[in-house]
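Asker: Contents of run_25.pdb (PDB, C-alpha atoms and all ligand atoms) are below:
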```
MODEL        1
ATOM      1  CA  MET A  75      13.428 167.888 -49.653
ATOM      2  CA  ALA A  76      12.151 169.862 -52.601
ATOM      3  CA  VAL A  77       8.645 169.089 -53.784
ATOM      4  CA  SER A  78       8.365 169.244 -57.543
ATOM      5  CA  LEU A  79       5.204 170.876 -58.788
ATOM      6  CA  PRO A  80       3.254 169.334 -61.645
ATOM      7  CA  PRO A  81       3.613 171.163 -64.946
ATOM      8  CA  LEU A  82       0.822 173.604 -65.669
ATOM      9  CA  SER A  83      -0.532 171.461 -68.454
ATOM     10  CA  MET A  84      -1.169 168.662 -65.951
ATOM     11  CA  LEU A  85      -3.051 171.027 -63.689
ATOM     12  CA  PHE A  86      -5.127 172.104 -66.642
ATOM     13  CA  VAL A  87      -5.968 168.510 -67.515
ATOM     14  CA  PHE A  88      -6.877 167.890 -63.886
ATOM     15  CA  PHE A  89      -9.236 170.869 -63.734
ATOM     16  CA  VAL A  90     -10.952 169.971 -66.977
ATOM     17  CA  PHE A  91     -11.453 166.460 -65.672
ATOM     18  CA  TYR A  92     -12.679 167.781 -62.329
ATOM     19  CA  GLU A  93     -15.175 170.092 -64.013
ATOM     20  CA  VAL A  94     -16.585 167.290 -66.145
ATOM     21  CA  VAL A  95     -16.945 164.957 -63.171
ATOM     22  CA  SER A  96     -18.420 167.535 -60.827
ATOM     23  CA  PHE A  97     -20.825 168.702 -63.496
ATOM     24  CA  ARG A  98     -22.074 165.157 -63.869
ATOM     25  CA  ILE A  99     -22.492 164.780 -60.114
ATOM     26  CA  THR A 100     -24.290 168.056 -59.569
ATOM     27  CA  SER A 101     -26.665 167.826 -62.519
ATOM     28  CA  THR A 102     -29.444 166.056 -60.637
ATOM     29  CA  PRO A 103     -32.863 165.949 -62.275
ATOM     30  CA  ARG A 104     -35.172 168.879 -61.897
ATOM     31  CA  PHE A 105     -38.253 168.570 -59.727
ATOM     32  CA  ASP A 106     -40.663 168.349 -62.635
ATOM     33  CA  GLU A 107     -38.776 165.554 -64.375
ATOM     34  CA  LEU A 108     -39.594 163.213 -61.487
ATOM     35  CA  PHE A 109     -42.396 164.745 -59.444
ATOM     36  CA  GLN A 110     -45.700 166.557 -59.601
ATOM     37  CA  PRO A 111     -47.719 168.352 -56.930
ATOM     38  CA  SER A 112     -50.323 166.045 -55.388
ATOM     39  CA  TRP A 113     -52.369 168.635 -53.532
ATOM     40  CA  ALA A 114     -52.540 172.332 -52.634
ATOM     41  CA  LEU A 115     -50.576 173.783 -55.550
ATOM     42  CA  ASP A 116     -51.200 177.204 -54.000
ATOM     43  CA  HIS A 117     -49.016 176.093 -51.070
ATOM     44  CA  PHE A 118     -45.973 175.498 -53.322
ATOM     45  CA  ILE A 119     -43.127 177.923 -53.966
ATOM     46  CA  PHE A 120     -40.846 177.134 -56.930
ATOM     47  CA  GLU A 121     -37.456 178.837 -56.617
ATOM     48  CA  GLY A 122     -34.913 177.651 -59.162
ATOM     49  CA  GLU A 123     -33.659 174.243 -58.026
ATOM     50  CA  GLN A 124     -35.687 174.440 -54.834
ATOM     51  CA  VAL A 125     -39.274 173.594 -54.080
ATOM     52  CA  LYS A 126     -40.854 174.823 -50.866
ATOM     53  CA  LEU A 127     -44.014 173.545 -49.238
ATOM     54  CA  LYS A 128     -46.086 175.734 -46.953
ATOM     55  CA  LEU A 129     -48.314 174.730 -44.090
ATOM     56  CA  ASP A 130     -50.833 177.217 -42.725
ATOM     57  CA  ASN A 131     -54.178 176.821 -41.006
ATOM     58  CA  TYR A 132     -55.884 176.332 -44.367
ATOM     59  CA  SER A 133     -53.724 173.544 -45.762
ATOM     60  CA  GLY A 134     -50.494 171.639 -45.936
ATOM     61  CA  ALA A 135     -49.087 170.457 -49.264
ATOM     62  CA  GLY A 136     -47.534 167.434 -50.896
ATOM     63  CA  PHE A 137     -45.902 166.089 -54.038
ATOM     64  CA  GLY A 138     -45.407 162.635 -55.481
ATOM     65  CA  SER A 139     -43.406 160.869 -58.165
ATOM     66  CA  LYS A 140     -44.909 160.628 -61.644
ATOM     67  CA  ILE A 141     -44.274 156.905 -61.809
ATOM     68  CA  LYS A 142     -43.623 154.063 -59.390
ATOM     69  CA  TYR A 143     -40.454 152.135 -58.682
ATOM     70  CA  LEU A 144     -39.450 148.690 -57.474
ATOM     71  CA  PHE A 145     -36.032 148.600 -55.743
ATOM     72  CA  GLY A 146     -33.306 151.216 -56.020
ATOM     73  CA  LYS A 147     -32.312 154.328 -54.134
ATOM     74  CA  THR A 148     -34.194 157.563 -53.605
ATOM     75  CA  THR A 149     -32.555 160.638 -52.136
ATOM     76  CA  ILE A 150     -33.899 164.071 -51.378
ATOM     77  CA  ARG A 151     -32.251 167.032 -49.710
ATOM     78  CA  ILE A 152     -34.500 168.745 -47.175
ATOM     79  CA  LYS A 153     -34.219 171.839 -45.024
ATOM     80  CA  LEU A 154     -36.839 171.499 -42.334
ATOM     81  CA  VAL A 155     -39.101 174.202 -40.932
ATOM     82  CA  GLY A 156     -37.005 176.526 -38.760
ATOM     83  CA  GLY A 157     -37.895 178.278 -35.512
ATOM     84  CA  ASP A 158     -41.151 177.124 -33.985
ATOM     85  CA  SER A 159     -42.190 173.975 -35.861
ATOM     86  CA  ALA A 160     -44.176 172.402 -33.010
ATOM     87  CA  GLY A 161     -47.158 170.358 -34.213
ATOM     88  CA  THR A 162     -45.897 170.048 -37.778
ATOM     89  CA  VAL A 163     -44.851 166.856 -39.515
ATOM     90  CA  THR A 164     -42.714 166.900 -42.637
ATOM     91  CA  ALA A 165     -42.633 163.509 -44.321
ATOM     92  CA  PHE A 166     -40.551 161.795 -46.992
ATOM     93  CA  TYR A 167     -41.833 158.348 -47.808
ATOM     94  CA  MET A 168     -42.349 155.632 -50.359
ATOM     95  CA  SER A 169     -45.639 153.820 -50.622
ATOM     96  CA  SER A 170     -47.572 151.417 -52.796
ATOM     97  CA  ASP A 171     -51.360 151.556 -53.138
ATOM     98  CA  GLY A 172     -54.186 149.500 -51.714
ATOM     99  CA  ALA A 173     -55.172 147.895 -48.440
ATOM    100  CA  ASN A 174     -52.123 145.605 -48.368
ATOM    101  CA  HIS A 175     -49.732 148.372 -49.219
ATOM    102  CA  ASN A 176     -46.068 148.636 -48.281
ATOM    103  CA  GLU A 177     -44.589 151.877 -47.013
ATOM    104  CA  PHE A 178     -41.193 153.213 -45.878
ATOM    105  CA  ASP A 179     -41.469 156.440 -43.868
ATOM    106  CA  PHE A 180     -39.284 159.253 -42.698
ATOM    107  CA  GLU A 181     -41.391 161.604 -40.542
ATOM    108  CA  PHE A 182     -39.777 164.715 -39.117
ATOM    109  CA  LEU A 183     -41.600 165.778 -35.971
ATOM    110  CA  GLY A 184     -41.302 169.502 -35.315
ATOM    111  CA  ASN A 185     -40.661 171.140 -31.980
ATOM    112  CA  THR A 186     -40.730 174.453 -30.186
ATOM    113  CA  THR A 187     -37.942 176.940 -30.966
ATOM    114  CA  GLY A 188     -34.553 175.575 -29.942
ATOM    115  CA  GLU A 189     -35.820 172.096 -29.069
ATOM    116  CA  PRO A 190     -34.748 169.150 -31.207
ATOM    117  CA  TYR A 191     -36.687 167.566 -34.020
ATOM    118  CA  LEU A 192     -37.357 163.857 -33.794
ATOM    119  CA  VAL A 193     -37.046 161.658 -36.862
ATOM    120  CA  GLN A 194     -39.556 158.840 -36.835
ATOM    121  CA  THR A 195     -39.111 155.957 -39.259
ATOM    122  CA  ASN A 196     -41.655 153.259 -39.927
ATOM    123  CA  VAL A 197     -42.047 150.261 -42.212
ATOM    124  CA  TYR A 198     -45.397 148.903 -43.399
ATOM    125  CA  VAL A 199     -45.545 145.461 -44.932
ATOM    126  CA  ASN A 200     -48.805 144.163 -46.422
ATOM    127  CA  GLY A 201     -50.763 147.009 -44.814
ATOM    128  CA  VAL A 202     -49.330 146.552 -41.314
ATOM    129  CA  GLY A 203     -47.121 149.238 -39.773
ATOM    130  CA  ASN A 204     -46.564 149.814 -36.031
ATOM    131  CA  ARG A 205     -42.795 149.552 -36.493
ATOM    132  CA  GLU A 206     -41.837 153.024 -35.278
ATOM    133  CA  GLN A 207     -38.336 154.030 -34.348
ATOM    134  CA  ARG A 208     -37.395 157.557 -33.294
ATOM    135  CA  LEU A 209     -34.066 159.298 -33.225
ATOM    136  CA  ASN A 210     -32.691 162.756 -32.821
ATOM    137  CA  LEU A 211     -30.078 164.111 -35.210
ATOM    138  CA  TRP A 212     -26.415 165.029 -34.789
ATOM    139  CA  PHE A 213     -26.986 168.376 -36.542
ATOM    140  CA  ASP A 214     -29.639 171.075 -36.751
ATOM    141  CA  PRO A 215     -31.821 169.962 -39.710
ATOM    142  CA  THR A 216     -33.329 173.444 -40.062
ATOM    143  CA  LYS A 217     -30.050 175.288 -40.746
ATOM    144  CA  ASP A 218     -28.984 173.572 -43.978
ATOM    145  CA  PHE A 219     -30.078 171.000 -46.498
ATOM    146  CA  HIS A 220     -29.249 167.412 -45.553
ATOM    147  CA  SER A 221     -29.790 164.306 -47.608
ATOM    148  CA  TYR A 222     -32.261 161.633 -46.624
ATOM    149  CA  SER A 223     -32.290 158.377 -48.590
ATOM    150  CA  ILE A 224     -34.115 155.104 -48.824
ATOM    151  CA  LEU A 225     -32.145 152.223 -50.327
ATOM    152  CA  TRP A 226     -34.266 149.210 -51.210
ATOM    153  CA  ASN A 227     -33.189 145.899 -52.663
ATOM    154  CA  GLN A 228     -34.231 142.282 -52.320
ATOM    155  CA  ARG A 229     -32.315 141.848 -49.086
ATOM    156  CA  GLN A 230     -32.810 145.053 -47.103
ATOM    157  CA  VAL A 231     -34.409 148.472 -46.773
ATOM    158  CA  VAL A 232     -31.903 151.007 -45.460
ATOM    159  CA  PHE A 233     -32.802 154.470 -44.173
ATOM    160  CA  LEU A 234     -29.866 156.879 -44.517
ATOM    161  CA  VAL A 235     -29.214 160.399 -43.245
ATOM    162  CA  ASP A 236     -26.315 162.090 -45.049
ATOM    163  CA  GLU A 237     -25.346 158.581 -46.197
ATOM    164  CA  THR A 238     -25.172 157.326 -42.589
ATOM    165  CA  PRO A 239     -27.483 154.322 -42.103
ATOM    166  CA  VAL A 240     -29.954 154.969 -39.280
ATOM    167  CA  ARG A 241     -32.154 151.916 -39.741
ATOM    168  CA  VAL A 242     -32.138 148.624 -41.592
ATOM    169  CA  PHE A 243     -35.157 146.420 -42.255
ATOM    170  CA  THR A 244     -33.662 143.084 -43.251
ATOM    171  CA  ASN A 245     -35.315 140.462 -45.421
ATOM    172  CA  LYS A 246     -36.118 137.590 -43.046
ATOM    173  CA  GLU A 247     -38.452 135.689 -45.322
ATOM    174  CA  LYS A 248     -36.534 132.526 -44.431
ATOM    175  CA  GLN A 249     -37.926 132.983 -40.908
ATOM    176  CA  GLY A 250     -41.427 133.446 -42.321
ATOM    177  CA  ILE A 251     -41.479 137.242 -42.003
ATOM    178  CA  PRO A 252     -42.922 139.041 -45.032
ATOM    179  CA  PHE A 253     -40.665 141.436 -46.916
ATOM    180  CA  PRO A 254     -41.821 144.128 -49.365
ATOM    181  CA  LYS A 255     -40.666 143.031 -52.801
ATOM    182  CA  ASP A 256     -43.457 142.853 -55.337
ATOM    183  CA  GLN A 257     -45.394 146.118 -55.122
ATOM    184  CA  PRO A 258     -44.008 149.137 -56.999
ATOM    185  CA  MET A 259     -43.897 152.231 -54.806
ATOM    186  CA  GLY A 260     -44.277 155.935 -55.410
ATOM    187  CA  VAL A 261     -42.056 158.545 -53.748
ATOM    188  CA  TYR A 262     -43.834 161.235 -51.733
ATOM    189  CA  ASN A 263     -43.130 164.348 -49.687
ATOM    190  CA  SER A 264     -45.574 166.365 -47.649
ATOM    191  CA  ILE A 265     -46.086 168.700 -44.743
ATOM    192  CA  TRP A 266     -49.134 168.667 -42.516
ATOM    193  CA  ASN A 267     -50.451 169.486 -39.069
ATOM    194  CA  ALA A 268     -50.309 166.638 -36.542
ATOM    195  CA  ASP A 269     -50.410 168.497 -33.268
ATOM    196  CA  ASP A 270     -52.594 165.792 -31.739
ATOM    197  CA  TRP A 271     -49.486 163.533 -31.437
ATOM    198  CA  ALA A 272     -46.319 164.883 -33.029
ATOM    199  CA  THR A 273     -44.687 167.160 -30.491
ATOM    200  CA  GLN A 274     -43.926 166.014 -26.955
ATOM    201  CA  GLY A 275     -46.666 163.436 -27.239
ATOM    202  CA  GLY A 276     -49.271 165.975 -28.429
ATOM    203  CA  ARG A 277     -48.912 168.286 -25.415
ATOM    204  CA  VAL A 278     -47.510 171.131 -27.546
ATOM    205  CA  LYS A 279     -49.929 172.418 -30.177
ATOM    206  CA  THR A 280     -49.235 174.233 -33.421
ATOM    207  CA  ASN A 281     -48.926 177.970 -32.887
ATOM    208  CA  TRP A 282     -50.656 179.303 -35.999
ATOM    209  CA  THR A 283     -49.452 182.839 -35.368
ATOM    210  CA  HIS A 284     -46.063 181.487 -36.576
ATOM    211  CA  ALA A 285     -47.508 180.174 -39.882
ATOM    212  CA  PRO A 286     -46.684 179.651 -42.687
ATOM    213  CA  PHE A 287     -44.347 176.786 -41.797
ATOM    214  CA  VAL A 288     -42.048 176.201 -44.753
ATOM    215  CA  ALA A 289     -39.980 173.105 -45.632
ATOM    216  CA  SER A 290     -37.534 173.299 -48.554
ATOM    217  CA  TYR A 291     -36.542 170.501 -50.932
ATOM    218  CA  THR A 292     -33.793 170.102 -53.495
ATOM    219  CA  GLY A 293     -31.425 167.454 -54.918
ATOM    220  CA  PHE A 294     -34.124 165.136 -56.239
ATOM    221  CA  GLU A 295     -32.585 161.768 -57.119
ATOM    222  CA  ILE A 296     -34.330 158.506 -57.935
ATOM    223  CA  ASP A 297     -32.005 155.766 -59.154
ATOM    224  CA  ALA A 298     -34.432 152.886 -59.235
ATOM    225  CA  CYS A 299     -36.145 150.352 -61.465
ATOM    226  CA  GLU A 300     -38.954 152.232 -63.191
ATOM    227  CA  CYS A 301     -42.481 150.833 -63.313
ATOM    228  CA  PRO A 302     -44.680 152.827 -65.676
ATOM    229  CA  LEU A 303     -48.224 153.127 -64.341
ATOM    230  CA  SER A 304     -49.477 151.160 -67.342
ATOM    231  CA  MET A 305     -47.372 148.154 -66.380
ATOM    232  CA  ALA A 306     -49.017 145.332 -64.407
ATOM    233  CA  ALA A 307     -47.526 144.669 -60.979
ATOM    234  CA  ASP A 308     -46.369 141.143 -61.822
ATOM    235  CA  GLU A 309     -44.701 142.383 -64.999
ATOM    236  CA  SER A 310     -42.889 145.078 -62.971
ATOM    237  CA  ALA A 311     -41.815 142.506 -60.413
ATOM    238  CA  ARG A 312     -40.446 140.297 -63.173
ATOM    239  CA  ARG A 313     -38.517 143.144 -64.758
ATOM    240  CA  CYS A 314     -37.135 144.680 -61.575
ATOM    241  CA  SER A 315     -36.249 141.593 -59.566
ATOM    242  CA  SER A 316     -34.359 139.665 -62.198
ATOM    243  CA  SER A 317     -31.667 137.435 -60.798
ATOM    244  CA  GLU A 318     -29.212 138.735 -63.402
ATOM    245  CA  LYS A 319     -27.916 141.375 -60.950
ATOM    246  CA  LYS A 320     -27.988 144.009 -63.640
ATOM    247  CA  TYR A 321     -28.763 146.797 -61.175
ATOM    248  CA  TRP A 322     -26.090 148.210 -58.865
ATOM    249  CA  TRP A 323     -28.329 147.840 -55.818
ATOM    250  CA  ASP A 324     -28.467 144.077 -56.420
ATOM    251  CA  GLN A 325     -24.685 143.669 -56.433
ATOM    252  CA  PRO A 326     -23.349 141.473 -53.595
ATOM    253  CA  VAL A 327     -21.789 144.439 -51.729
ATOM    254  CA  MET A 328     -25.216 146.077 -51.485
ATOM    255  CA  LEU A 329     -26.936 143.129 -49.828
ATOM    256  CA  ASP A 330     -25.632 143.990 -46.344
ATOM    257  CA  LEU A 331     -24.141 147.024 -44.688
ATOM    258  CA  ASN A 332     -20.373 147.107 -45.057
ATOM    259  CA  PRO A 333     -18.312 147.071 -41.811
ATOM    260  CA  HIS A 334     -17.996 150.863 -41.779
ATOM    261  CA  GLN A 335     -21.760 151.304 -42.188
ATOM    262  CA  SER A 336     -22.426 148.708 -39.483
ATOM    263  CA  HIS A 337     -20.324 150.766 -37.107
ATOM    264  CA  GLN A 338     -22.144 153.923 -38.122
ATOM    265  CA  LEU A 339     -25.490 152.258 -37.413
ATOM    266  CA  LEU A 340     -24.285 151.085 -33.993
ATOM    267  CA  TRP A 341     -23.111 154.638 -33.252
ATOM    268  CA  VAL A 342     -26.491 156.104 -34.270
ATOM    269  CA  ARG A 343     -28.377 153.586 -32.171
ATOM    270  CA  ALA A 344     -26.139 154.120 -29.133
ATOM    271  CA  ASN A 345     -26.185 157.910 -29.280
ATOM    272  CA  HIS A 346     -29.334 159.047 -31.064
ATOM    273  CA  LEU A 347     -32.050 156.412 -30.777
ATOM    274  CA  VAL A 348     -34.775 157.549 -28.396
ATOM    275  CA  TYR A 349     -37.504 154.996 -29.140
ATOM    276  CA  ASP A 350     -37.625 151.559 -30.690
ATOM    277  CA  TYR A 351     -40.872 149.588 -30.975
ATOM    278  CA  CYS A 352     -38.771 146.439 -30.693
ATOM    279  CA  THR A 353     -38.091 147.174 -27.022
ATOM    280  CA  ASP A 354     -41.517 148.633 -26.131
ATOM    281  CA  ALA A 355     -42.870 145.812 -23.961
ATOM    282  CA  SER A 356     -45.989 147.797 -23.001
ATOM    283  CA  ARG A 357     -47.088 147.903 -26.652
ATOM    284  CA  PHE A 358     -45.675 144.513 -27.589
ATOM    285  CA  PRO A 359     -45.628 142.045 -24.684
ATOM    286  CA  VAL A 360     -44.349 139.543 -27.229
ATOM    287  CA  THR A 361     -41.366 140.966 -29.126
ATOM    288  CA  PRO A 362     -42.289 141.370 -32.821
ATOM    289  CA  PRO A 363     -40.712 138.525 -34.794
ATOM    290  CA  GLU A 364     -38.590 140.739 -37.061
ATOM    291  CA  CYS A 365     -36.877 142.327 -34.059
ATOM    292  CA  ASP A 366     -33.575 140.573 -33.825
ATOM    293  CA  HIS A 367     -31.203 142.096 -31.327
ATOM    294  CA  ARG A 368     -28.241 140.073 -32.386
ATOM    295  CA  HIS A 369     -26.392 142.454 -34.645
ATOM    296  CA  HIS A 370     -25.070 140.676 -37.650
ATOM    297  CA  PRO A 371     -21.989 142.287 -39.123
TER
HETATM  298  C1  LIG B 401     -38.978 168.256 -28.353
HETATM  299  O1  LIG B 401     -38.219 168.718 -27.264
HETATM  300  C2  LIG B 401     -38.425 168.005 -26.069
HETATM  301  C3  LIG B 401     -37.611 168.692 -24.989
HETATM  302  O2  LIG B 401     -36.256 168.771 -25.366
HETATM  303  C4  LIG B 401     -38.034 166.547 -26.274
HETATM  304  O3  LIG B 401     -38.324 165.816 -25.097
HETATM  305  C5  LIG B 401     -38.807 165.962 -27.454
HETATM  306  O4  LIG B 401     -38.354 164.647 -27.715
HETATM  307  C6  LIG B 401     -38.573 166.824 -28.678
HETATM  308  N1  LIG B 401     -39.201 166.350 -29.908
HETATM  309  C7  LIG B 401     -40.512 166.139 -30.089
HETATM  310  C8  LIG B 401     -40.933 165.807 -31.454
HETATM  311  O5  LIG B 401     -41.345 166.203 -29.210
ENDMDL
END
```
Go ahead and render the structure in this file as structure tokens.
Answerer:
Amino acid sequence: MAVSLPPLSMLFVFFVFYEVVSFRITSTPRFDELFQPSWALDHFIFEGEQVKLKLDNYSGAGFGSKIKYLFGKTTIRIKLVGGDSAGTVTAFYMSSDGANHNEFDFEFLGNTTGEPYLVQTNVYVNGVGNREQRLNLWFDPTKDFHSYSILWNQRQVVFLVDETPVRVFTNKEKQGIPFPKDQPMGVYNSIWNADDWATQGGRVKTNWTHAPFVASYTGFEIDACECPLSMAADESARRCSSSEKKYWWDQPVMLDLNPHQSHQLLWVRANHLVYDYCTDASRFPVTPPECDHRHHP
């Protein structure tokens, strides 16, 4: 059977359309539209669309968002320190301020050459953390950039790696468990030395002869409800948690993982989870209340 080819004019229309769409998708904000260095500006390297942070035995470095946000999605593409990264921690996290702060953490724990990174996630609510989970990755995070995202709405906090959910912290306020929902959070990235605990339980120390350790960042995206620093917290909460569902992350389909994502999460947990505080009976003789092992679809 002969396949008829589209006329050239159609192809042209298609390519113009494709260009417009792909331009829109790839034109993510520049670093300095969203972020500013927080410390050690002399440990930054700015290279076009990329920002690199250096860790040496004088200092690490970090950057933070210019404003805070309440609900939404934050994504950053990171290429982690290659080669010997033992003792180093590269972190991507969101945090509010104060003693009763909330925090969502991705911490990438370095390793000796050829040994796998661990990704530790944690959730602080009202100043209390101790909710560590650790997983290894299904790719080498030092070879290429990969995207890491935090999706936050009134029903769940989802940690994603290349859009695959690796952890969900579900709102269980109905069971009396506090959920972070009224403190605007900043977005932060940093690299520092943590060789007292990070690598193989602290047994492997940072080898400073391999410094500087360099992590690279690009693809800065924050699609979230903005809370200018001048705005009072209750005003922000009112604006960003309206029940009108005007934000895409509040739409009904965003309130739970979809079936495909639920399967992805099960796959990650079955194949890549190496530690879960929920099942650490030596630390928690009584299982923490938010740990619910019945997996809801
Ligand atoms: C480092 O590699 C060792 C050996 O493969 C592994 O047990 C450990 O979980 C890896 N990651 C860290 C951060 O220690």
Asker: Can you translate the PyMOL selection byres (((not hetatm)) within 8 of (chain B and resi 401)) into the concrete residues it hits in this file, as a list in words?
Answerer: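 Selected by the PyMOL selection byres (((not hetatm)) within 8 of (chain B and resi 401)) here: Ala160, Phe182, Leu183, Gly184, Asn185, Thr186, Glu189, Pro190, Tyr191, Leu192, Val193, Asn210, Ala272, Thr273, Gln274, Gly275, Gly276 and Val348 of chain A.
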Asker: For A:Gly157, list every protein, DNA or RNA residue within 12 Å, evaluated using only C-alpha atoms, and leave out those in the same chain fewer than 2 positions away; present the list as a list in words.
Answerer: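 With the cut-off at 12 Å, the set is Leu154, Val155, Ser159, Ala160, Thr162, Gly184, Asn185, Thr186, Thr187, Gly188, Glu189, Pro190, Tyr191, Asp214, Pro215, Thr216, Lys217, Asn281, His284, Ala285, Pro286, Phe287, Val288 and Ala289 of chain A.
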Asker: Calculated over only C-alpha atoms, which of the candidates A:Arg343, A:Arg104, A:Lys142, A:Lys320 has the smallest distance to A:Leu209?
Answerer: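 The closest residue to A:Leu209 is A:Arg343.
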Asker: Quick one: of A:Tyr167, A:Tyr222, A:Tyr198, A:Tyr262, who's nearest to A:Lys140, counting all atoms listed in the file?
Answerer: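 Result for the nearest residue to A:Lys140: A:Tyr262.
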Asker: Would you please work out which residue, of A:Glu206, A:Cys299, A:Phe180, A:Pro363, is nearest to A:Glu247 when using all atoms listed in the file?
Answerer: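 Distance minimum relative to A:Glu247 lands on A:Pro363.
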Asker: Which residues are near A:Leu225? Cut-off 10 Å, all atoms listed in the file, ignore same chain within fewer than 2 positions. Put them as a ChimeraX atom specification.
Answerer: /A:145-149,223,227,230-234,239,242,297-298,323,328
Asker: In Å, rounded to a single decimal, give me how far atom CA of A:Val278 is from atom CA of A:Tyr132.
Answerer: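 Going from atom CA of A:Tyr132 over to atom CA of A:Val278 covers 19.5 Å.
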Asker: May I ask for the distance between atom CA of A:His337 and atom CA of A:Ile251, given in Å to one decimal place?
Answerer: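 Pair atom CA of A:His337 / atom CA of A:Ile251 returns 25.6 Å.
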Asker: A:Glu295, A:Asp179, A:Asp218, A:Glu123: which is nearest A:Thr102, counting all atoms listed in the file?
Answerer: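 Result for the nearest residue to A:Thr102: A:Glu295.
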Asker: Return the single residue from A:Val240, A:Ile150, A:Leu331, A:Cys301 that is closest to A:Trp212, with distances computed using all atoms listed in the file.
Answerer: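 Of A:Val240, A:Ile150, A:Leu331, A:Cys301, the one nearest A:Trp212 is A:Val240, counting all atoms listed in the file.
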Asker: Output the residue selection produced by the PyMOL selection byres (((chain A and resi 124) around 7) and not hetatm) on the file above, formatted as a VMD selection string.
Answerer: chain A and resid 120 to 123 125 to 126 290 to 292
Asker: Have a look at A:Asp256, A:Glu107, A:Asp158, A:Glu309 and name the one nearest to A:His175; count only C-alpha atoms.
Answerer: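 Of all the options, A:Asp256 lies closest to A:His175.
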